[in-house]
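Q: I have a structure I would like to understand better, so I am pasting it below and will then ask my questions one at a time.
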Amino acid sequence: MKVKSKTALPLAKDQLWKVNGEYLHIVDLGKTLIHYKMSAGLKQRGVPVKMTAIDTVQKYLKINRAVLIKG
């Protein structure tokens, strides 16, 4: 059984994170997967939605010292 660490970033739907000059918008959050958009600007249109494991996004945000803008 996996034990979740207490230092994991709390992710929620419609959060907006700033990571290295780009923006990560969480579109939807499931039990194990997360749907998100990565864009260069806040009002950029036509950005594809990507899907990956929640742990992967949490590690990415932590390693790159992401800042929560909205959420």
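We label chains A, B, ... in the order they appear in the structure tokens, count residues from 1 in each chain, and number ligands from 1 in the order shown.
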Any chance you could list, as a list in words, the residues in region 13-65 of chain A that come up alpha helix (DSSP H) when DSSP is run on the backbone?

A: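 Here are the alpha helix (DSSP H) residues of region 13-65 of chain A: Ile54, Asp55, Thr56, Val57, Gln58, Lys59, Tyr60, Leu61, Lys62 and Ile63 of chain A.
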
Q: What does the distance between CA of Gln44 (chain A) and CA of Arg65 (chain A) come to in Å, to one decimal place?

A: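 One can read the CA of Gln44 (chain A) to CA of Arg65 (chain A) distance as 22.6 Å.
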
Q: Between CA of Asp55 (chain A) and CA of Leu42 (chain A), measure the distance and give it in Å to one decimal.

A: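 Computing it gives 24.4 Å between the two atoms.
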
Q: Just the residues within 8 Å of Val67 (chain A), please, counting only C-alpha atoms, with nothing from its chain fewer than 2 positions along; format it as an MDAnalysis selection string.

A: chainID A and resid 17:19 65 69

Q: Do you know which residues are at most 12 Å from Pro10 (chain A) counting only C-alpha atoms, after dropping those on the same chain fewer than 5 positions away, and could you put them as a VMD selection string?

A: chain A and resid 4 to 5 15 17 26 29 54 to 55 57 to 59 61 to 62 68 71

Q: Can you list, as a list in words, every residue of chain A that DSSP puts in strand (DSSP E or B)?

A: Leu16, Trp17, Lys18, Val19, Glu22, Tyr23, Leu24, His25, Ile26, Val27, Asp28, Leu29, Leu33, Ile34, His35, Tyr36, Lys37, Met38, Ser39, Lys50, Met51, Thr52, Ala53, Val67, Leu68, Ile69 and Lys70 of chain A

Q: Looking at only C-alpha atoms, which of A:Ala53, A:Tyr60, A:Lys37, A:Lys70 is the one that sits closest to Asn20 (chain A)?

A: A:Tyr60

Q: How many Å separate CA of Leu11 (chain A) from CA of Val47 (chain A)?

A: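 So the answer is 20.4 Å.
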
Q: Rank nothing, just name the residue among A:Ala66, A:Leu9, A:Leu16, A:Met51 nearest to Gly30 (chain A), using only C-alpha atoms.

A: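 Checking each of A:Ala66, A:Leu9, A:Leu16, A:Met51 against Gly30 (chain A), counting only C-alpha atoms, the winner is A:Met51.
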